[in-house]
Each structure stands twice: as C-alpha cells, then as structure tokens.
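Coordinates as given in upload-v8.cif (mmCIF, C-alpha atoms):
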data_upload
loop_
_atom_site.group_PDB
_atom_site.id
_atom_site.type_symbol
_atom_site.label_atom_id
_atom_site.label_comp_id
_atom_site.auth_asym_id
_atom_site.auth_seq_id
_atom_site.Cartn_x
_atom_site.Cartn_y
_atom_site.Cartn_z
ATOM 1 C CA MET L 204 25.511 -59.286 14.630
ATOM 2 C CA GLN L 205 28.271 -58.972 17.237
ATOM 3 C CA ALA L 206 25.938 -56.992 19.520
ATOM 4 C CA GLU L 207 23.229 -59.611 19.086
ATOM 5 C CA ASN L 208 25.681 -62.383 19.924
ATOM 6 C CA ALA L 209 26.774 -60.499 23.043
ATOM 7 C CA ASP L 210 23.149 -60.087 24.071
ATOM 8 C CA GLN L 211 22.400 -63.778 23.639
ATOM 9 C CA PHE L 212 25.505 -64.701 25.635
ATOM 10 C CA LEU L 213 24.290 -62.463 28.469
ATOM 11 C CA VAL L 214 20.806 -63.963 28.324
ATOM 12 C CA GLU L 215 22.148 -67.499 28.592
ATOM 13 C CA GLN L 216 24.259 -66.518 31.608
ATOM 14 C CA ILE L 217 21.249 -64.824 33.216
ATOM 15 C CA ARG L 218 19.184 -67.946 32.651
ATOM 16 C CA ASN L 219 21.811 -69.753 34.693
ATOM 17 C CA GLY L 220 21.395 -67.262 37.530
ATOM 18 C CA ASP L 221 24.589 -65.274 36.843
ATOM 19 C CA GLN L 222 24.240 -62.012 38.775
ATOM 20 C CA SER L 223 27.218 -60.343 37.080
ATOM 21 C CA ALA L 224 25.591 -60.934 33.690
ATOM 22 C CA TRP L 225 22.392 -59.359 34.965
ATOM 23 C CA ARG L 226 24.355 -56.336 36.164
ATOM 24 C CA ARG L 227 25.987 -55.998 32.714
ATOM 25 C CA LEU L 228 22.625 -56.195 30.961
ATOM 26 C CA ILE L 229 21.262 -53.409 33.164
ATOM 27 C CA GLU L 230 24.327 -51.266 32.486
ATOM 28 C CA ARG L 231 23.944 -51.927 28.764
ATOM 29 C CA TYR L 232 20.262 -51.014 28.447
ATOM 30 C CA HIS L 233 19.345 -48.864 31.427
ATOM 31 C CA GLY L 234 20.240 -45.538 29.803
ATOM 32 C CA ARG L 235 18.278 -45.974 26.602
ATOM 33 C CA LEU L 236 15.234 -47.395 28.409
ATOM 34 C CA LEU L 237 15.278 -44.530 30.919
ATOM 35 C CA ALA L 238 15.545 -41.965 28.097
ATOM 36 C CA PHE L 239 12.530 -43.570 26.412
ATOM 37 C CA ALA L 240 10.527 -43.542 29.646
ATOM 38 C CA ARG L 241 11.488 -39.983 30.661
ATOM 39 C CA ALA L 242 10.089 -38.666 27.387
ATOM 40 C CA ARG L 243 6.734 -40.280 28.211
ATOM 41 C CA THR L 244 6.262 -39.723 31.943
ATOM 42 C CA ALA L 245 5.656 -36.726 34.170
ATOM 43 C CA GLY L 246 8.926 -37.001 36.050
ATOM 44 C CA LEU L 247 12.128 -38.896 36.666
ATOM 45 C CA SER L 248 10.642 -40.896 39.528
ATOM 46 C CA ASP L 249 7.913 -42.350 37.307
ATOM 47 C CA ALA L 250 10.445 -43.111 34.576
ATOM 48 C CA GLU L 251 12.731 -44.947 36.980
ATOM 49 C CA ASP L 252 9.795 -46.928 38.351
ATOM 50 C CA VAL L 253 8.610 -48.188 34.971
ATOM 51 C CA VAL L 254 12.169 -49.038 33.883
ATOM 52 C CA GLN L 255 12.610 -51.032 37.080
ATOM 53 C CA GLU L 256 9.298 -52.796 36.382
ATOM 54 C CA ALA L 257 10.467 -53.511 32.841
ATOM 55 C CA PHE L 258 13.657 -55.173 34.064
ATOM 56 C CA VAL L 259 11.693 -57.245 36.574
ATOM 57 C CA GLY L 260 9.204 -58.069 33.835
ATOM 58 C CA PHE L 261 12.036 -59.283 31.646
ATOM 59 C CA ILE L 262 13.311 -61.656 34.343
ATOM 60 C CA GLN L 263 9.813 -62.974 34.968
ATOM 61 C CA SER L 264 9.172 -63.476 31.259
ATOM 62 C CA LEU L 265 12.588 -64.978 30.526
ATOM 63 C CA PRO L 266 11.149 -68.474 29.896
ATOM 64 C CA HIS L 267 9.075 -66.934 27.083
ATOM 65 C CA TYR L 268 11.935 -64.994 25.483
ATOM 66 C CA ASP L 269 12.723 -66.208 21.964
ATOM 67 C CA SER L 270 16.442 -65.741 21.341
ATOM 68 C CA ARG L 271 15.757 -65.131 17.656
ATOM 69 C CA ARG L 272 14.224 -61.797 18.600
ATOM 70 C CA SER L 273 16.214 -58.674 19.293
ATOM 71 C CA LEU L 274 16.782 -58.327 23.035
ATOM 72 C CA GLU L 275 16.672 -54.546 22.754
ATOM 73 C CA THR L 276 13.309 -54.645 20.983
ATOM 74 C CA TYR L 277 11.969 -57.094 23.563
ATOM 75 C CA LEU L 278 13.008 -54.814 26.435
ATOM 76 C CA PHE L 279 11.479 -51.765 24.738
ATOM 77 C CA THR L 280 8.272 -53.740 24.170
ATOM 78 C CA ILE L 281 8.015 -54.655 27.851
ATOM 79 C CA LEU L 282 8.757 -51.050 28.830
ATOM 80 C CA ARG L 283 6.103 -49.744 26.457
ATOM 81 C CA TYR L 284 3.558 -52.108 27.978
ATOM 82 C CA LYS L 285 4.520 -50.952 31.486
ATOM 83 C CA LEU L 286 4.107 -47.325 30.409
ATOM 84 C CA PHE L 287 0.614 -47.966 29.081
ATOM 85 C CA ASP L 288 -0.200 -49.844 32.280
ATOM 86 C CA LEU L 289 0.845 -46.747 34.244
ATOM 87 C CA LEU L 290 -1.366 -44.553 32.059
ATOM 88 C CA ARG L 291 -4.326 -46.873 32.555
ATOM 89 C CA GLN L 292 -3.852 -46.797 36.323
ATOM 90 C CA ARG L 293 -3.930 -43.012 36.218
ATOM 91 C CA LYS L 294 -6.901 -43.070 33.842
ATOM 92 C CA VAL L 295 -5.040 -41.260 31.087
ATOM 93 C CA THR L 296 -6.738 -41.827 27.738
ATOM 94 C CA VAL L 297 -4.692 -43.493 25.014
ATOM 95 C CA LEU L 298 -5.796 -44.004 21.420
ATOM 96 C CA SER L 299 -6.298 -47.382 19.820
ATOM 97 C CA GLU L 300 -5.452 -46.167 16.319
ATOM 98 C CA PRO L 301 -2.393 -44.311 14.960
ATOM 99 C CA ALA L 302 -2.833 -40.586 14.496
ATOM 100 C CA ASP L 303 -1.130 -38.210 12.109
ATOM 101 C CA SER L 304 1.240 -36.761 14.673
ATOM 102 C CA GLU L 305 4.833 -37.173 15.723
ATOM 103 C CA GLU L 306 3.631 -39.353 18.619
ATOM 104 C CA TRP L 307 1.814 -41.877 16.413
ATOM 105 C CA TRP L 308 3.844 -44.828 17.770
ATOM 106 C CA ASP L 309 3.062 -43.970 21.364
ATOM 107 C CA ARG L 310 -0.634 -43.386 20.713
ATOM 108 C CA VAL L 311 -1.333 -46.975 19.690
ATOM 109 C CA VAL L 312 -2.468 -49.179 22.562
ATOM 110 C CA PRO L 313 -0.235 -52.265 22.803
ATOM 111 C CA GLY L 314 -1.977 -55.388 21.580
ATOM 112 C CA SER L 315 -2.060 -58.642 23.493
ATOM 113 C CA PHE L 316 0.806 -59.935 21.350
ATOM 114 C CA GLU L 317 2.998 -57.165 22.749
ATOM 115 C CA THR L 318 2.930 -58.516 26.297
ATOM 116 C CA PRO L 319 5.756 -60.946 27.117
ATOM 117 C CA SER L 320 3.396 -63.938 27.193
ATOM 118 C CA GLY L 321 1.521 -62.641 24.159
ATOM 119 C CA ILE L 322 4.735 -62.397 22.183
ATOM 120 C CA ALA L 323 5.453 -66.034 22.933
ATOM 121 C CA ALA L 324 1.972 -67.166 21.910
ATOM 122 C CA GLN L 325 1.979 -65.018 18.792
ATOM 123 C CA ALA L 326 5.421 -66.250 17.804
ATOM 124 C CA GLU L 327 4.332 -69.863 18.086
ATOM 125 C CA ALA L 328 1.324 -69.255 15.858
ATOM 126 C CA THR L 329 2.839 -67.129 13.100
ATOM 127 C CA THR L 330 6.610 -67.567 13.242
ATOM 128 C CA GLN L 331 7.007 -68.689 9.644
ATOM 129 C CA GLN L 332 4.811 -65.918 8.234
ATOM 130 C CA GLU L 333 6.583 -63.271 10.294
ATOM 131 C CA GLU L 334 10.051 -64.529 9.373
ATOM 132 C CA LEU L 335 9.111 -64.560 5.692
ATOM 133 C CA LEU L 336 7.739 -61.018 5.780
ATOM 134 C CA THR L 337 10.781 -59.798 7.734
ATOM 135 C CA GLU L 338 13.104 -61.404 5.195
ATOM 136 C CA MET L 339 11.239 -59.785 2.291
ATOM 137 C CA LEU L 340 11.219 -56.354 3.905
ATOM 138 C CA ARG L 341 14.935 -56.551 4.701
ATOM 139 C CA ARG L 342 15.610 -57.544 1.097
ATOM 140 C CA LEU L 343 13.624 -54.562 -0.166
ATOM 141 C CA ILE L 344 15.343 -52.144 2.237
ATOM 142 C CA LEU L 345 18.827 -53.415 1.377
ATOM 143 C CA GLU L 346 18.087 -53.164 -2.324
ATOM 144 C CA LEU L 347 17.053 -49.527 -1.944
ATOM 145 C CA ARG L 348 20.124 -48.753 0.166
ATOM 146 C CA ASP L 349 22.446 -50.437 -2.323
ATOM 147 C CA ARG L 350 21.003 -48.263 -5.098
ATOM 148 C CA ASP L 351 21.237 -45.168 -2.877
ATOM 149 C CA ALA L 352 17.478 -44.808 -3.391
ATOM 150 C CA PHE L 353 17.090 -43.221 0.016
ATOM 151 C CA GLN L 354 14.116 -41.071 -0.977
ATOM 152 C CA ASP L 355 12.175 -44.198 -1.965
ATOM 153 C CA LEU L 356 13.190 -45.735 1.347
ATOM 154 C CA GLN L 357 11.925 -42.652 3.168
ATOM 155 C CA VAL L 358 8.590 -42.943 1.357
ATOM 156 C CA ILE L 359 7.993 -46.580 2.271
ATOM 157 C CA GLU L 360 9.184 -46.008 5.837
ATOM 158 C CA LEU L 361 6.643 -43.249 6.310
ATOM 159 C CA VAL L 362 3.886 -45.281 4.646
ATOM 160 C CA PHE L 363 4.560 -48.739 6.090
ATOM 161 C CA TYR L 364 6.197 -47.976 9.435
ATOM 162 C CA ALA L 365 4.770 -44.604 10.433
ATOM 163 C CA GLY L 366 1.347 -45.220 8.886
ATOM 164 C CA LYS L 367 1.279 -41.896 7.062
ATOM 165 C CA ARG L 368 -1.133 -41.155 4.223
ATOM 166 C CA ASN L 369 0.233 -40.539 0.736
ATOM 167 C CA LEU L 370 -0.696 -36.851 0.920
ATOM 168 C CA ASP L 371 1.104 -36.384 4.245
ATOM 169 C CA VAL L 372 4.199 -38.191 2.933
ATOM 170 C CA ALA L 373 4.235 -35.932 -0.124
ATOM 171 C CA ASP L 374 4.090 -32.860 2.107
ATOM 172 C CA LEU L 375 6.788 -34.102 4.474
ATOM 173 C CA LEU L 376 9.212 -34.984 1.674
ATOM 174 C CA SER L 377 8.221 -32.172 -0.710
ATOM 175 C CA VAL L 378 7.431 -34.578 -3.533
ATOM 176 C CA ASP L 379 4.434 -35.130 -5.762
ATOM 177 C CA GLN L 380 1.644 -37.281 -4.318
ATOM 178 C CA LYS L 381 1.610 -39.395 -7.491
ATOM 179 C CA ALA L 382 5.315 -40.095 -6.982
ATOM 180 C CA VAL L 383 4.576 -41.338 -3.463
ATOM 181 C CA ALA L 384 1.819 -43.599 -4.779
ATOM 182 C CA GLY L 385 4.209 -44.921 -7.416
ATOM 183 C CA VAL L 386 6.915 -45.774 -4.865
ATOM 184 C CA LYS L 387 4.362 -47.521 -2.653
ATOM 185 C CA PHE L 388 2.936 -49.454 -5.602
ATOM 186 C CA ARG L 389 6.389 -50.612 -6.727
ATOM 187 C CA ALA L 390 7.363 -51.584 -3.170
ATOM 188 C CA ILE L 391 4.265 -53.731 -2.741
ATOM 189 C CA GLY L 392 4.931 -55.229 -6.174
ATOM 190 C CA LYS L 393 8.468 -56.143 -5.093
ATOM 191 C CA LEU L 394 7.189 -57.776 -1.916
ATOM 192 C CA LYS L 395 4.695 -59.812 -3.937
ATOM 193 C CA LYS L 396 7.496 -60.835 -6.288
ATOM 194 C CA TYR L 397 9.719 -61.934 -3.403
ATOM 195 C CA LEU L 398 6.811 -63.897 -1.942
ATOM 196 C CA ALA L 399 6.146 -65.611 -5.272
ATOM 197 C CA GLU L 400 9.815 -66.577 -5.514
ATOM 198 C CA ARG L 401 9.672 -68.173 -2.082
ATOM 199 C CA ASP L 402 6.200 -69.658 -2.470
ATOM 200 C CA PRO L 403 5.210 -70.201 -6.139
ATOM 201 C CA SER L 404 1.833 -71.570 -5.018
ATOM 202 C CA SER L 405 0.846 -68.163 -3.638
ATOM 203 C CA GLU L 406 -1.405 -66.536 -6.225
ATOM 204 C CA GLU L 407 -2.554 -63.526 -4.230
ATOM 205 C CA GLY L 408 0.753 -62.525 -2.687
ATOM 206 C CA LEU L 409 0.406 -59.579 -0.331
ATOM 207 C CA ASP L 410 -2.935 -57.799 -0.245
ATOM 208 C CA GLU L 411 -2.296 -54.058 -0.123
ATOM 209 C CA SER L 412 -5.231 -53.550 2.216
ATOM 210 C CA ASP L 413 -3.636 -55.904 4.738
ATOM 211 C CA ALA L 414 -0.001 -55.044 4.067
ATOM 212 C CA ASP L 415 0.115 -51.709 5.904
ATOM 213 C CA VAL L 416 -0.972 -53.102 9.274
ATOM 214 C CA THR L 417 1.073 -56.301 9.113
ATOM 215 C CA VAL L 418 4.173 -54.611 7.734
ATOM 216 C CA ALA L 419 3.997 -51.830 10.319
ATOM 217 C CA ARG L 420 4.011 -54.301 13.190
ATOM 218 C CA VAL L 421 6.822 -56.421 11.778
ATOM 219 C CA TRP L 422 8.804 -53.313 10.856
ATOM 220 C CA ARG L 423 8.519 -51.999 14.397
ATOM 221 C CA GLU L 424 9.172 -55.296 16.172
ATOM 222 C CA HIS L 425 12.261 -56.066 14.097
ATOM 223 C CA ARG L 426 13.419 -52.417 13.876
ATOM 224 C CA LEU L 427 14.197 -52.841 10.202
ATOM 225 C CA THR L 428 15.488 -49.311 9.629
ATOM 226 C CA CYS L 429 16.619 -48.415 13.140
ATOM 227 C CA LEU L 430 20.081 -46.894 13.310
ATOM 228 C CA LYS L 431 23.041 -48.649 14.875
ATOM 229 C CA ARG L 432 24.553 -46.985 17.902
ATOM 230 C CA ASN L 433 27.855 -46.464 16.090
ATOM 231 C CA THR L 434 25.923 -44.610 13.355
ATOM 232 C CA LEU L 435 24.272 -42.442 16.000
ATOM 233 C CA GLY L 436 27.686 -41.914 17.596
ATOM 234 C CA ALA L 437 29.138 -40.766 14.289
ATOM 235 C CA TYR L 438 26.137 -38.471 13.865
ATOM 236 C CA LEU L 439 26.761 -36.891 17.278
ATOM 237 C CA LEU L 440 30.454 -36.429 16.470
ATOM 238 C CA GLY L 441 29.578 -34.718 13.192
ATOM 239 C CA VAL L 442 31.553 -37.198 11.075
ATOM 240 C CA LEU L 443 28.606 -38.901 9.357
ATOM 241 C CA GLU L 444 28.416 -38.116 5.649
ATOM 242 C CA ASP L 445 25.619 -38.175 3.094
ATOM 243 C CA PRO L 446 23.549 -40.066 2.176
ATOM 244 C CA TRP L 447 23.582 -41.540 5.686
ATOM 245 C CA LEU L 448 23.633 -38.109 7.315
ATOM 246 C CA SER L 449 20.442 -37.045 5.537
ATOM 247 C CA TYR L 450 18.790 -40.372 6.201
ATOM 248 C CA THR L 451 19.719 -40.278 9.904
ATOM 249 C CA GLN L 452 18.241 -36.807 10.223
ATOM 250 C CA PHE L 453 15.088 -38.027 8.461
ATOM 251 C CA HIS L 454 14.752 -41.102 10.692
ATOM 252 C CA LEU L 455 15.194 -39.036 13.850
ATOM 253 C CA ASP L 456 13.424 -35.803 12.964
ATOM 254 C CA VAL L 457 10.715 -36.807 10.480
ATOM 255 C CA VAL L 458 9.900 -40.384 11.450
ATOM 256 C CA GLY L 459 10.696 -39.630 15.079
ATOM 257 C CA CYS L 460 11.682 -43.227 15.806
ATOM 258 C CA PRO L 461 11.224 -43.423 19.597
ATOM 259 C CA MET L 462 13.823 -46.135 20.166
ATOM 260 C CA CYS L 463 16.523 -44.419 18.110
ATOM 261 C CA LEU L 464 15.780 -41.116 19.825
ATOM 262 C CA ALA L 465 16.142 -42.887 23.173
ATOM 263 C CA ASN L 466 19.476 -44.341 22.045
ATOM 264 C CA LEU L 467 20.605 -40.892 20.901
ATOM 265 C CA THR L 468 19.684 -39.340 24.242
ATOM 266 C CA ASP L 469 21.471 -42.161 26.051
ATOM 267 C CA LEU L 470 24.636 -41.556 24.035
ATOM 268 C CA GLN L 471 24.448 -37.850 24.780
ATOM 269 C CA ASN L 472 24.083 -38.490 28.514
ATOM 270 C CA GLU L 473 26.147 -41.624 28.998
ATOM 271 C CA GLU L 474 28.957 -39.785 30.756
ATOM 272 C CA GLU L 475 26.709 -38.400 33.495
ATOM 273 C CA GLU L 476 27.971 -39.445 36.920
ATOM 274 C CA GLU L 477 24.593 -40.537 38.294
ATOM 275 C CA GLY L 478 24.423 -43.302 35.668
ATOM 276 C CA ALA L 479 26.493 -45.706 37.751
ATOM 277 C CA LEU L 480 24.271 -45.134 40.784
ATOM 278 C CA ASP L 481 21.134 -45.696 38.700
ATOM 279 C CA HIS L 482 22.546 -48.959 37.354
ATOM 280 C CA GLU L 483 23.332 -50.194 40.850
ATOM 281 C CA ARG L 484 19.908 -49.210 42.174
ATOM 282 C CA MET L 485 18.209 -51.059 39.326
ATOM 283 C CA PHE L 486 20.399 -54.092 39.948
ATOM 284 C CA GLN L 487 19.740 -54.217 43.685
ATOM 285 C CA SER L 488 15.988 -53.797 43.221
ATOM 286 C CA SER L 489 15.689 -56.564 40.628
ATOM 287 C CA VAL L 490 18.370 -59.140 41.380
ATOM 288 C CA GLY L 491 16.125 -60.871 43.922
ATOM 289 C CA PHE L 492 13.900 -62.008 41.050
ATOM 290 C CA LEU L 493 16.804 -63.736 39.331
ATOM 291 C CA LYS L 494 16.615 -67.524 39.551
ATOM 292 C CA PRO L 495 18.495 -70.190 37.598
ATOM 293 C CA SER L 496 16.333 -71.914 35.006
ATOM 294 C CA ALA L 497 15.460 -75.508 35.702
#
Would you mind writing the structure in this file as structure tokens?
Amino acid sequence: MQAENADQFLVEQIRNGDQSAWRRLIERYHGRLLAFARARTAGLSDAEDVVQEAFVGFIQSLPHYDSRRSLETYLFTILRYKLFDLLRQRKVTVLSEPADSEEWWDRVVPGSFETPSGIAAQAEATTQQEELLTEMLRRLILELRDRDAFQDLQVIELVFYAGKRNLDVADLLSVDQKAVAGVKFRAIGKLKKYLAERDPSSEEGLDESDADVTVARVWREHRLTCLKRNTLGAYLLGVLEDPWLSYTQFHLDVVGCPMCLANLTDLQNEEEEEGALDHERMFQSSVGFLKPSA
C-alpha cells in the first residue's frame, strides 16, 4: 500500500507538470520495464526504444489513467502493447490464443481493452464487475495463504492465470489429475459463494465456461499473486523461508510470471553503472511531452 501511495503521489505531481516527479518515476520503473523488453526483443537498442515509447505513451495517456489501477501494471500493459506493435511492424506472427508453453502470456495478442484508451473505455463499462471479481479472487487467495494451502494456490494459479489444462497442471505439480479437478471445482464453488454473499439475487453465479477467460484477465491486470519486490529481494539474498521460498520458486520458474521475472532481473542488475545514464536518456527524450493538466 505504501508503494501504491507513493506512485499515486508521483502521478499527481506529474499531472501538474513536475519534471522532478517524472524523473523519479523513470528511475523507479525503467529497470524492470527494460528487463521485460530485453527478454522479448532482438537487442538492447530495440528494448530501449520500446521502453522510451512506453514512457511517452504513459504521458500521452495520462488523462485516461485510473488511479485505482496499479501504476506498475499500467506501465507494463503499455509496454506490452508497444512490443506487439513492433512485432506487427516487422511482420512477426503472434498468436491470438494462449499456448501450452512458458511464453503463453506473451503469445496472446493484446486486446483493444489493453491499449491506454481501451483500458479507460473498458473500465467505464465494467468497473463494478471487475472490482467484484478482483475482490473475490483476492479473498480466495488470502484464504488459501492463511491456511498454508500453497499447493491449492499453485493449482488455481496455473488453471486460472496461466490457462493450463488439468492434465498439464497435474504433470507440472506431480499430483493426480482428479486432485487438480477437485481444487478447481472447489475454487469455483468458493467464488460462486462469495458472489452470492455480495449479490443474493444472482442465481447463476460464475459460469465455469466463462470464468477461465475473465479470471485470467483480471488476475493478470491486477497481478493478484505477483511477488513484492522485498520478497524478491529476500529471495535473492537467500533469506526467504518456506512456504514462501517454494511458492516464489514456483511463481518464477513454473508460472514464469513475466513481470516478476523482470523485477527480479532489475533487482539483480540495479547496481550497474549504466543505469543512471539510461534513466537520464529516457528522461531527456520524454520530458518534452510533459504538460500540466488543465
């Protein structure tokens, strides 16, 4: 919550045309965005270009930014869109459906709601539904964490977030396929129960056939199981203990969360000397787009 408050404070200053706030935002997010882009482009030059475009895109879309959303997620979303735009320009084929591979998240073409303006339009149309689903998912995740039911959490993360089939989840976690189906069934049942508690008039609750797609998008946009940077820092220092150690390894190595991997890479490289020069170059190339809001 403190990080989110700091982000919102920066955003408000940037909206007022504060150049020092813009410099701090670049310093805060440049490393993780560049790590994300470098893993998906042919070279450093391309990665730097799309990160620069993402920062400019953020300034240009600032009137559409909803402060209730995570700033980090919003920046990653813009960057992802810029990366797909680069691929389209170079006529590189991208898939429109998730595939059973470690790159499933990157192989899904961004929808119109993932553009800055699309996010604003989508938020206006479905804010209440999205907030309700996010609340229910967070409640389910926290309940599993409180019970130390991390294997159940791993199952639903692979099913709902990564879009894996029950058989693939069973293989990845070395559990019985029926056990995976049982965890999924109970999770959907819990979500329906939470929905009924909030809206007694809802008879259908969540339809399982629709839940996977909707939940996957909300899960990704709100980064419901993404790791905090202090958790990743503890992991790098070797002081993280189970069950969080095992879960962190799962989230990074099995799920392959692209944003957490980018944060991890950023933490590993944050002491590199060229970082300060990169920050300044990004600032100088984008500050001209900064204008106080009316």
- Item | 7 Å contact set for segment 357-361 of chain L, all atoms listed in the file, chain neighbours under 5 positions out, as JSON, numbers by chain | {"L": [366, 367, 372, 383, 387, 458]}
- Item | For Ala250 of chain L: contacts at 12 Å, all atoms listed in the file, fewer than 5 positions along chain excluded, given as a list in words |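 That gives His233, Gly234, Arg235, Leu236, Leu237, Ala238, Phe239, Ala240, Arg241, Ala242, Arg243, Thr244, Ala245, Gln255, Glu256, Ala257, Leu282, Arg283, Lys285, Leu286, Leu289 and Asp481 of chain L.
The space separating atom CA of Val254 of chain L from atom CA of Trp422 of chain L comes to 23.7 Å.
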- Residue nearest Trp225 of chain L - candidates L:Leu213, L:Leu398, L:Ile344, L:Leu274, atoms counted: all atoms listed in the file: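 So, comparing all the options, the nearest one is L:Leu213.
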- Evaluate the PyMOL selection byres ((chain L and resi 451) around 12) and record the selected residues as a PyMOL selection string, following the chain and residue labels used in the document. chain L and resi 353+357+428-439+441+443-450+452-460+463-464+467
Those residues you just picked out, can you put them in a file as a PDB file, keeping the file's coordinate frame with C-alpha atoms?
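New file result_4.pdb:
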ATOM      1  CA  PHE L 353      17.090 -43.221   0.016  1.00  0.00           C
ATOM      2  CA  GLN L 357      11.925 -42.652   3.168  1.00  0.00           C
ATOM      3  CA  THR L 428      15.488 -49.311   9.629  1.00  0.00           C
ATOM      4  CA  CYS L 429      16.619 -48.415  13.140  1.00  0.00           C
ATOM      5  CA  LEU L 430      20.081 -46.894  13.310  1.00  0.00           C
ATOM      6  CA  LYS L 431      23.041 -48.649  14.875  1.00  0.00           C
ATOM      7  CA  ARG L 432      24.553 -46.985  17.902  1.00  0.00           C
ATOM      8  CA  ASN L 433      27.855 -46.464  16.090  1.00  0.00           C
ATOM      9  CA  THR L 434      25.923 -44.610  13.355  1.00  0.00           C
ATOM     10  CA  LEU L 435      24.272 -42.442  16.000  1.00  0.00           C
ATOM     11  CA  GLY L 436      27.686 -41.914  17.596  1.00  0.00           C
ATOM     12  CA  ALA L 437      29.138 -40.766  14.289  1.00  0.00           C
ATOM     13  CA  TYR L 438      26.137 -38.471  13.865  1.00  0.00           C
ATOM     14  CA  LEU L 439      26.761 -36.891  17.278  1.00  0.00           C
ATOM     15  CA  GLY L 441      29.578 -34.718  13.192  1.00  0.00           C
ATOM     16  CA  LEU L 443      28.606 -38.901   9.357  1.00  0.00           C
ATOM     17  CA  GLU L 444      28.416 -38.116   5.649  1.00  0.00           C
ATOM     18  CA  ASP L 445      25.619 -38.175   3.094  1.00  0.00           C
ATOM     19  CA  PRO L 446      23.549 -40.066   2.176  1.00  0.00           C
ATOM     20  CA  TRP L 447      23.582 -41.540   5.686  1.00  0.00           C
ATOM     21  CA  LEU L 448      23.633 -38.109   7.315  1.00  0.00           C
ATOM     22  CA  SER L 449      20.442 -37.045   5.537  1.00  0.00           C
ATOM     23  CA  TYR L 450      18.790 -40.372   6.201  1.00  0.00           C
ATOM     24  CA  GLN L 452      18.241 -36.807  10.223  1.00  0.00           C
ATOM     25  CA  PHE L 453      15.088 -38.027   8.461  1.00  0.00           C
ATOM     26  CA  HIS L 454      14.752 -41.102  10.692  1.00  0.00           C
ATOM     27  CA  LEU L 455      15.194 -39.036  13.850  1.00  0.00           C
ATOM     28  CA  ASP L 456      13.424 -35.803  12.964  1.00  0.00           C
ATOM     29  CA  VAL L 457      10.715 -36.807  10.480  1.00  0.00           C
ATOM     30  CA  VAL L 458       9.900 -40.384  11.450  1.00  0.00           C
ATOM     31  CA  GLY L 459      10.696 -39.630  15.079  1.00  0.00           C
ATOM     32  CA  CYS L 460      11.682 -43.227  15.806  1.00  0.00           C
ATOM     33  CA  CYS L 463      16.523 -44.419  18.110  1.00  0.00           C
ATOM     34  CA  LEU L 464      15.780 -41.116  19.825  1.00  0.00           C
ATOM     35  CA  LEU L 467      20.605 -40.892  20.901  1.00  0.00           C
TER      36      LEU L 467
END
- Could you state which residues are captured by the PyMOL selection byres ((chain L and resi 216) around 12) in this file, as a PyMOL selection string? chain L and resi 209-215+217-228+265+493-496
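Among the candidates L:Met485, L:Ala419, L:Ala384, L:Ile229, the residue lying nearest to Asp252 of chain L is L:Met485 (atoms considered: all atoms listed in the file).
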- Item | Residue with smallest distance to Leu427 of chain L - pool L:Asp379, L:Phe363, L:Lys393, L:Asn466, counting all atoms listed in the file |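 Among the listed residues, L:Phe363 lies closest to Leu427 of chain L.
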- Task: Have a look at atom CA of Gly385 of chain L and atom CA of Val362 of chain L and let me know their distance in Å, one decimal.
- Result: 12.1 Å
- Interatomic distance, atom CA of Gly260 of chain L to atom CA of Asp469 of chain L (Å, one decimal):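 Distance between the two atoms: 21.5 Å.
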- Item | Residue members of the PyMOL selection byres ((chain L and resi 338) around 12) in the file shown, as a list in words |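 The output of the PyMOL selection byres ((chain L and resi 338) around 12) on this file is Gln331, Gln332, Glu333, Glu334, Leu335, Leu336, Thr337, Met339, Leu340, Arg341, Arg342, Leu343, Ile344, Leu345, Leu394, Tyr397, Leu398, Arg401, Val418, Val421, Trp422, His425 and Leu427 of chain L.
Ranking L:Ala399, L:Leu278, L:Leu247, L:Leu375 by their shortest atom-to-atom distance to Val259 of chain L, with all atoms listed in the file included, puts L:Leu278 first.
The shortest atom-to-atom distance to Glu424 of chain L, with all atoms listed in the file taken into account, belongs to L:Ser273 out of L:Ser273, L:Gln354, L:Gln263, L:Thr468.
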- Counting only C-alpha atoms, which of L:Asn208, L:Val378, L:Glu400, L:Val386 gets nearest to Arg272 of chain L? L:Asn208
Need a file for segment 266-292 of chain L from that block: C-alpha atoms, written as a PDB file, in the first residue's frame.
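Saved result, selection-v7.pdb, follows:
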ATOM      1  CA  PRO L 266      -5.792  11.723 -18.783  1.00  0.00           C
ATOM      2  CA  HIS L 267      -7.117   8.159 -19.144  1.00  0.00           C
ATOM      3  CA  TYR L 268      -5.157   6.696 -16.225  1.00  0.00           C
ATOM      4  CA  ASP L 269      -7.422   5.461 -13.429  1.00  0.00           C
ATOM      5  CA  SER L 270      -5.604   5.921 -10.124  1.00  0.00           C
ATOM      6  CA  ARG L 271      -7.364   2.862  -8.720  1.00  0.00           C
ATOM      7  CA  ARG L 272      -5.246   0.718 -11.020  1.00  0.00           C
ATOM      8  CA  SER L 273      -1.702  -0.319 -10.274  1.00  0.00           C
ATOM      9  CA  LEU L 274       0.713   2.088 -11.954  1.00  0.00           C
ATOM     10  CA  GLU L 275       3.218  -0.711 -12.479  1.00  0.00           C
ATOM     11  CA  THR L 276       0.626  -2.883 -14.216  1.00  0.00           C
ATOM     12  CA  TYR L 277      -0.468   0.057 -16.364  1.00  0.00           C
ATOM     13  CA  LEU L 278       3.115   0.722 -17.478  1.00  0.00           C
ATOM     14  CA  PHE L 279       3.696  -2.962 -18.254  1.00  0.00           C
ATOM     15  CA  THR L 280       0.447  -3.012 -20.241  1.00  0.00           C
ATOM     16  CA  ILE L 281       1.529  -0.049 -22.362  1.00  0.00           C
ATOM     17  CA  LEU L 282       4.959  -1.627 -22.868  1.00  0.00           C
ATOM     18  CA  ARG L 283       3.408  -4.926 -23.911  1.00  0.00           C
ATOM     19  CA  TYR L 284       1.257  -3.126 -26.463  1.00  0.00           C
ATOM     20  CA  LYS L 285       4.322  -1.299 -27.818  1.00  0.00           C
ATOM     21  CA  LEU L 286       6.168  -4.614 -28.122  1.00  0.00           C
ATOM     22  CA  PHE L 287       3.350  -6.166 -30.127  1.00  0.00           C
ATOM     23  CA  ASP L 288       3.232  -3.041 -32.281  1.00  0.00           C
ATOM     24  CA  LEU L 289       6.943  -3.527 -33.011  1.00  0.00           C
ATOM     25  CA  LEU L 290       6.335  -7.166 -33.937  1.00  0.00           C
ATOM     26  CA  ARG L 291       3.497  -6.204 -36.262  1.00  0.00           C
ATOM     27  CA  GLN L 292       5.687  -3.625 -37.991  1.00  0.00           C
TER      28      GLN L 292
END
